[in-house]
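Read through the structure below, which is laid out as structure tokens, and then see the notes.
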Amino acid sequence: MPLSQFIKTEDFKKEKHVPVIEAPDKVKANEKVEITVTVGKEIPHPNTTEHHISWIKLFFQPDGDPYVYEVGNYEFLSHGATVKGPNTGAVYTEPCIKTFVKLSQPGTLIALSYCNIHGLWESSKRIAIE
Ligand code: FE
């Protein structure tokens, strides 16, 4: 069974697991571009020892290219576990990242997020080159 069968998507305004990519619709070639990816932008996702977003991966698929390229891998490692037990910690990593890229071709950003109990979720955003 292919892994892709388990990757879900939905409108982020209705479903708290969907990663939301914020980036310009159009950029200049080879110019530094800011990208943010957030899980739970509209409806916050729980962030507890038992239930949290573990990671986001960001890919870029250039138009016409049969492959995707991994842009970044972002792990969220603090969810309140200490020697005193679950949810007793002082720090919780929020599932939101900011990164920068330079693009020479138009294509599609694809974000994949992973909830430790609700699996894989994806979204995409096209970026044109002016
Ligand atoms: Fe979840």
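Chain labels follow the order of the structure tokens: the first chain is A, the next B, and so on; residue numbering restarts at 1 in every chain, and ligands are counted from 1 in their shown order.
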
Produce as a PDB file with N, CA and C atoms, in the first residue's frame the set of residues near ligand 1, where near means within 7 Å with only C-alpha atoms and all ligand atoms considered.
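This is the output file out_24.pdb:
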```
ATOM      1  N   HIS A  17      -5.185  20.155  11.217  1.00  0.00           N
ATOM      2  CA  HIS A  17      -3.909  19.501  10.908  1.00  0.00           C
ATOM      3  C   HIS A  17      -3.224  20.002   9.640  1.00  0.00           C
ATOM      4  N   HIS A  45      -4.046  23.482  16.927  1.00  0.00           N
ATOM      5  CA  HIS A  45      -3.894  22.057  17.191  1.00  0.00           C
ATOM      6  C   HIS A  45      -3.394  21.882  18.625  1.00  0.00           C
ATOM      7  N   PRO A  46      -3.827  20.818  19.354  1.00  0.00           N
ATOM      8  CA  PRO A  46      -3.296  20.590  20.703  1.00  0.00           C
ATOM      9  C   PRO A  46      -1.762  20.490  20.691  1.00  0.00           C
ATOM     10  N   HIS A  51      -0.328  14.473  22.434  1.00  0.00           N
ATOM     11  CA  HIS A  51      -0.922  14.845  21.146  1.00  0.00           C
ATOM     12  C   HIS A  51      -0.318  16.157  20.650  1.00  0.00           C
ATOM     13  N   HIS A  52       0.457  16.064  19.577  1.00  0.00           N
ATOM     14  CA  HIS A  52       1.159  17.259  19.081  1.00  0.00           C
ATOM     15  C   HIS A  52       1.604  17.074  17.638  1.00  0.00           C
ATOM     16  N   ILE A  53       2.017  18.155  17.039  1.00  0.00           N
ATOM     17  CA  ILE A  53       2.621  18.101  15.698  1.00  0.00           C
ATOM     18  C   ILE A  53       4.113  17.828  15.885  1.00  0.00           C
ATOM     19  N   CYS A 115       1.103  14.697  12.632  1.00  0.00           N
ATOM     20  CA  CYS A 115       0.576  14.685  13.999  1.00  0.00           C
ATOM     21  C   CYS A 115       0.858  13.297  14.568  1.00  0.00           C
ATOM     22  N   ASN A 116       1.313  13.251  15.817  1.00  0.00           N
ATOM     23  CA  ASN A 116       1.730  11.946  16.366  1.00  0.00           C
ATOM     24  C   ASN A 116       0.580  10.944  16.474  1.00  0.00           C
ATOM     25  N   ILE A 117      -0.681  11.431  16.444  1.00  0.00           N
ATOM     26  CA  ILE A 117      -1.779  10.452  16.470  1.00  0.00           C
ATOM     27  C   ILE A 117      -2.726  10.543  15.276  1.00  0.00           C
ATOM     28  N   HIS A 118      -2.630  11.617  14.490  1.00  0.00           N
ATOM     29  CA  HIS A 118      -3.530  11.753  13.330  1.00  0.00           C
ATOM     30  C   HIS A 118      -2.805  11.734  11.986  1.00  0.00           C
TER      31      HIS A 118
END
```

Each stretch 28-50 of chain A residue no farther than 9 Å from stretch 55-70 of chain A, nearest pair in Å, only C-alpha atoms, as a tab-separated table:
```
residue	atom	partner	partner_atom	distance
A:Val37	CA	A:Ile56	CA	8.1
A:Thr38	CA	A:Ile56	CA	8.8
A:Val39	CA	A:Ile56	CA	8.6
```

task: List the neighbours of A:Ser123 out to 12 Å using only C-alpha atoms; skip same-chain residues closer than 2 positions along the sequence, and give me the result as number ranges by chain.
output: A: 7-12, 15, 17-22, 37-39, 56-60, 108-113, 120-121, 125-126

Write a file of the selected residues as a compact mmCIF listing (two decimals), in the first residue's frame, keeping N, CA, C and O atoms.
```
# COMPACT_ATOMS: atom_id res chain seq x y z
N ILE A 7 -1.85 10.17 3.15
CA ILE A 7 -1.64 11.61 3.25
C ILE A 7 -2.97 12.31 2.98
O ILE A 7 -3.55 12.17 1.91
N LYS A 8 -3.43 13.04 4.00
CA LYS A 8 -4.74 13.68 3.88
C LYS A 8 -4.62 15.16 3.59
O LYS A 8 -3.60 15.78 3.92
N THR A 9 -5.69 15.71 3.04
CA THR A 9 -5.74 17.15 2.88
C THR A 9 -7.18 17.61 3.08
O THR A 9 -8.11 16.80 3.01
N GLU A 10 -7.33 18.89 3.36
CA GLU A 10 -8.66 19.44 3.69
C GLU A 10 -8.50 20.95 3.71
O GLU A 10 -7.38 21.46 3.63
N ASP A 11 -9.59 21.67 3.81
CA ASP A 11 -9.54 23.12 3.96
C ASP A 11 -9.01 23.44 5.36
O ASP A 11 -9.54 22.95 6.36
N PHE A 12 -7.93 24.24 5.42
CA PHE A 12 -7.31 24.51 6.73
C PHE A 12 -8.24 25.26 7.68
O PHE A 12 -8.05 25.22 8.90
N GLU A 15 -10.01 22.20 9.22
CA GLU A 15 -9.23 21.05 9.69
C GLU A 15 -7.88 21.55 10.26
O GLU A 15 -7.07 22.10 9.52
N HIS A 17 -5.18 20.16 11.22
CA HIS A 17 -3.91 19.50 10.91
C HIS A 17 -3.22 20.00 9.64
O HIS A 17 -2.07 19.69 9.40
N VAL A 18 -3.97 20.74 8.82
CA VAL A 18 -3.43 21.09 7.50
C VAL A 18 -2.36 22.18 7.60
O VAL A 18 -2.60 23.24 8.20
N PRO A 19 -1.18 21.93 7.04
CA PRO A 19 -0.15 22.98 7.06
C PRO A 19 -0.55 24.13 6.12
O PRO A 19 -1.03 23.87 5.01
N VAL A 20 -0.38 25.34 6.58
CA VAL A 20 -0.70 26.51 5.77
C VAL A 20 0.60 27.15 5.30
O VAL A 20 1.43 27.55 6.13
N ILE A 21 0.77 27.22 3.99
CA ILE A 21 1.98 27.83 3.41
C ILE A 21 1.66 29.28 3.08
O ILE A 21 0.69 29.57 2.38
N GLU A 22 2.47 30.18 3.59
CA GLU A 22 2.35 31.59 3.23
C GLU A 22 3.61 32.01 2.49
O GLU A 22 4.72 31.90 3.03
N VAL A 37 5.30 28.32 7.25
CA VAL A 37 4.38 27.19 7.25
C VAL A 37 3.89 27.02 8.69
O VAL A 37 4.71 26.95 9.62
N THR A 38 2.58 26.99 8.84
CA THR A 38 1.96 26.90 10.17
C THR A 38 0.92 25.79 10.19
O THR A 38 0.11 25.70 9.26
N VAL A 39 0.93 24.98 11.22
CA VAL A 39 -0.16 24.02 11.44
C VAL A 39 -1.06 24.61 12.52
O VAL A 39 -0.57 25.10 13.55
N ILE A 56 7.27 19.20 10.29
CA ILE A 56 6.82 19.68 8.98
C ILE A 56 7.98 19.47 8.02
O ILE A 56 9.14 19.73 8.37
N LYS A 57 7.69 19.02 6.82
CA LYS A 57 8.68 18.98 5.74
C LYS A 57 8.15 19.86 4.62
O LYS A 57 6.96 19.89 4.34
N LEU A 58 9.08 20.56 3.99
CA LEU A 58 8.71 21.43 2.87
C LEU A 58 9.47 20.98 1.62
O LEU A 58 10.68 20.71 1.68
N PHE A 59 8.73 20.86 0.51
CA PHE A 59 9.30 20.42 -0.77
C PHE A 59 9.01 21.47 -1.84
O PHE A 59 8.08 22.27 -1.71
N PHE A 60 9.78 21.41 -2.93
CA PHE A 60 9.51 22.25 -4.10
C PHE A 60 9.52 21.37 -5.34
O PHE A 60 10.45 20.58 -5.54
N THR A 108 5.76 24.53 -7.50
CA THR A 108 4.80 24.38 -6.41
C THR A 108 5.51 23.98 -5.12
O THR A 108 6.30 23.03 -5.11
N LEU A 109 5.22 24.74 -4.07
CA LEU A 109 5.68 24.36 -2.73
C LEU A 109 4.70 23.34 -2.18
O LEU A 109 3.47 23.52 -2.31
N ILE A 110 5.20 22.30 -1.57
CA ILE A 110 4.34 21.29 -0.94
C ILE A 110 4.80 21.12 0.50
O ILE A 110 5.98 20.87 0.75
N ALA A 111 3.86 21.30 1.44
CA ALA A 111 4.19 21.11 2.85
C ALA A 111 3.51 19.83 3.34
O ALA A 111 2.36 19.54 3.00
N LEU A 112 4.26 19.08 4.14
CA LEU A 112 3.75 17.83 4.72
C LEU A 112 3.95 17.94 6.23
O LEU A 112 5.04 18.28 6.69
N SER A 113 2.87 17.70 6.99
CA SER A 113 3.01 17.76 8.45
C SER A 113 2.59 16.42 9.05
O SER A 113 1.86 15.64 8.43
N LEU A 120 -0.44 12.01 8.58
CA LEU A 120 0.16 12.91 7.60
C LEU A 120 -0.88 13.80 6.91
O LEU A 120 -1.95 13.31 6.49
N TRP A 121 -0.53 15.08 6.74
CA TRP A 121 -1.41 16.07 6.12
C TRP A 121 -0.59 16.94 5.20
O TRP A 121 0.57 17.26 5.50
N LYS A 125 1.22 25.22 -2.55
CA LYS A 125 1.05 26.61 -3.02
C LYS A 125 1.95 26.85 -4.23
O LYS A 125 3.13 26.57 -4.18
N ARG A 126 1.35 27.36 -5.28
CA ARG A 126 2.11 27.65 -6.49
C ARG A 126 2.83 28.97 -6.40
O ARG A 126 2.31 29.93 -5.84
```

Neighbour list for A:Glu42 as a ChimeraX atom specification, cut-off 8 Å, only C-alpha atoms, skip fewer than 5 positions in-chain: /A:12-14,16

With all heavy atoms retained, could you export that selection as a short mmCIF file (atom, residue, chain, number, x, y, z; two decimals), in the first residue's frame?
```cif
data_model
loop_
_atom_site.label_atom_id
_atom_site.label_comp_id
_atom_site.auth_asym_id
_atom_site.auth_seq_id
_atom_site.Cartn_x
_atom_site.Cartn_y
_atom_site.Cartn_z
N PHE A 12 -7.93 24.24 5.42
CA PHE A 12 -7.31 24.51 6.73
C PHE A 12 -8.24 25.26 7.68
O PHE A 12 -8.05 25.22 8.90
CB PHE A 12 -5.99 25.27 6.55
CG PHE A 12 -6.13 26.75 6.30
CD1 PHE A 12 -6.09 27.66 7.34
CD2 PHE A 12 -6.31 27.22 5.00
CE1 PHE A 12 -6.23 29.02 7.11
CE2 PHE A 12 -6.45 28.57 4.76
CZ PHE A 12 -6.41 29.47 5.81
N LYS A 13 -9.28 25.90 7.12
CA LYS A 13 -10.23 26.62 7.99
C LYS A 13 -11.16 25.65 8.73
O LYS A 13 -11.80 26.02 9.71
CB LYS A 13 -11.02 27.63 7.19
CG LYS A 13 -10.12 28.77 6.75
CD LYS A 13 -10.86 29.88 6.05
CE LYS A 13 -9.88 31.02 5.79
NZ LYS A 13 -10.32 31.92 4.74
N LYS A 14 -11.23 24.42 8.24
CA LYS A 14 -12.09 23.41 8.88
C LYS A 14 -11.30 22.33 9.59
O LYS A 14 -11.83 21.60 10.42
CB LYS A 14 -12.96 22.73 7.80
CG LYS A 14 -14.03 23.62 7.24
CD LYS A 14 -15.00 22.85 6.36
CE LYS A 14 -14.34 22.42 5.08
NZ LYS A 14 -15.24 21.86 4.07
N LYS A 16 -7.71 21.32 11.56
CA LYS A 16 -6.55 21.90 12.25
C LYS A 16 -5.20 21.28 11.91
O LYS A 16 -4.17 21.83 12.27
CB LYS A 16 -6.77 21.83 13.77
CG LYS A 16 -6.92 20.41 14.31
CD LYS A 16 -7.18 20.44 15.82
CE LYS A 16 -7.38 19.07 16.40
NZ LYS A 16 -8.73 18.53 16.12
#
```

message: Considering only strand (DSSP E) as DSSP defines it on the backbone, what residues of chain A qualify? List them as a ChimeraX atom specification.
response: /A:7-8,19-22,26-27,32-39,53-62,69-75,96-102,107-115,119-129

message: Applying 12 Å and only C-alpha atoms, which residues near A:Asp25 remain after dropping the ones on its own chain fewer than 5 positions away? List them as a list of chain:residue names.
response: A:Val33, A:Glu34, A:Ile35, A:Pro106, A:Gly107, A:Thr108, A:Leu109, A:Ser124, A:Lys125, A:Arg126, A:Ile127, A:Ala128, A:Ile129, A:Glu130

message: With DSSP run on the backbone, what are the helix (DSSP H, G or I) residues within chain A? I'd like them as a list in words.
response: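 Here are the helix (DSSP H, G or I) residues of chain A: Leu3, Ser4, Gln5 and Phe6 of chain A.
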
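For A:Val91, the non-local neighbours within 9 Å, defined as residues at least 2 positions apart in the same chain or in other chains and counting only C-alpha atoms, are Ser78, His79, Gly80, Gly89 and Thr93 of chain A.
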
Generate a file of the selected residues that holds all heavy atoms, formatted as a short mmCIF file (atom, residue, chain, number, x, y, z; two decimals), in the first residue's frame.
```cif
data_model
loop_
_atom_site.label_atom_id
_atom_site.label_comp_id
_atom_site.auth_asym_id
_atom_site.auth_seq_id
_atom_site.Cartn_x
_atom_site.Cartn_y
_atom_site.Cartn_z
N SER A 78 9.77 19.70 21.76
CA SER A 78 9.39 19.86 23.17
C SER A 78 7.88 19.86 23.31
O SER A 78 7.19 20.73 22.74
CB SER A 78 9.96 21.18 23.72
OG SER A 78 11.33 21.06 23.91
N HIS A 79 7.37 18.91 24.09
CA HIS A 79 5.92 18.81 24.27
C HIS A 79 5.55 18.52 25.72
O HIS A 79 4.63 17.78 26.01
CB HIS A 79 5.33 17.77 23.31
CG HIS A 79 5.64 18.10 21.88
ND1 HIS A 79 5.03 19.12 21.19
CD2 HIS A 79 6.56 17.58 21.04
CE1 HIS A 79 5.54 19.21 19.96
NE2 HIS A 79 6.47 18.29 19.85
N GLY A 80 6.34 19.09 26.61
CA GLY A 80 5.96 19.09 28.02
C GLY A 80 6.33 17.88 28.85
O GLY A 80 5.90 17.79 30.01
N GLY A 89 6.27 20.17 31.65
CA GLY A 89 7.42 20.92 31.17
C GLY A 89 7.20 22.41 31.09
O GLY A 89 6.07 22.89 31.14
N THR A 93 7.23 23.33 21.85
CA THR A 93 7.56 23.86 20.53
C THR A 93 6.28 24.06 19.73
O THR A 93 5.48 23.13 19.60
CB THR A 93 8.47 22.89 19.75
OG1 THR A 93 9.42 22.32 20.63
CG2 THR A 93 9.18 23.61 18.61
#
```

From A:Gly119, A:Phe6, A:Lys102, A:Asn47, residue lying nearest A:Lys28 [only C-alpha atoms]: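 Nearest candidate to A:Lys28 out of A:Gly119, A:Phe6, A:Lys102, A:Asn47: A:Lys102.
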
message: Could you tell me how far atom CA of A:Ile43 sits from atom CA of A:Thr82, in Å to one decimal place?
response: 27.1 Å

- request: Would you list the contacts of A:Glu94 as a PyMOL selection string, taking every protein, DNA or RNA residue within 7 Å and counting only C-alpha atoms, but skipping same-chain residues closer than 2 positions in sequence?
  value: chain A and resi 76+92+96

field: Atomic separation - atom CA of A:Val27 relative to atom CA of A:Ser104, Å
entry: 9.5 Å
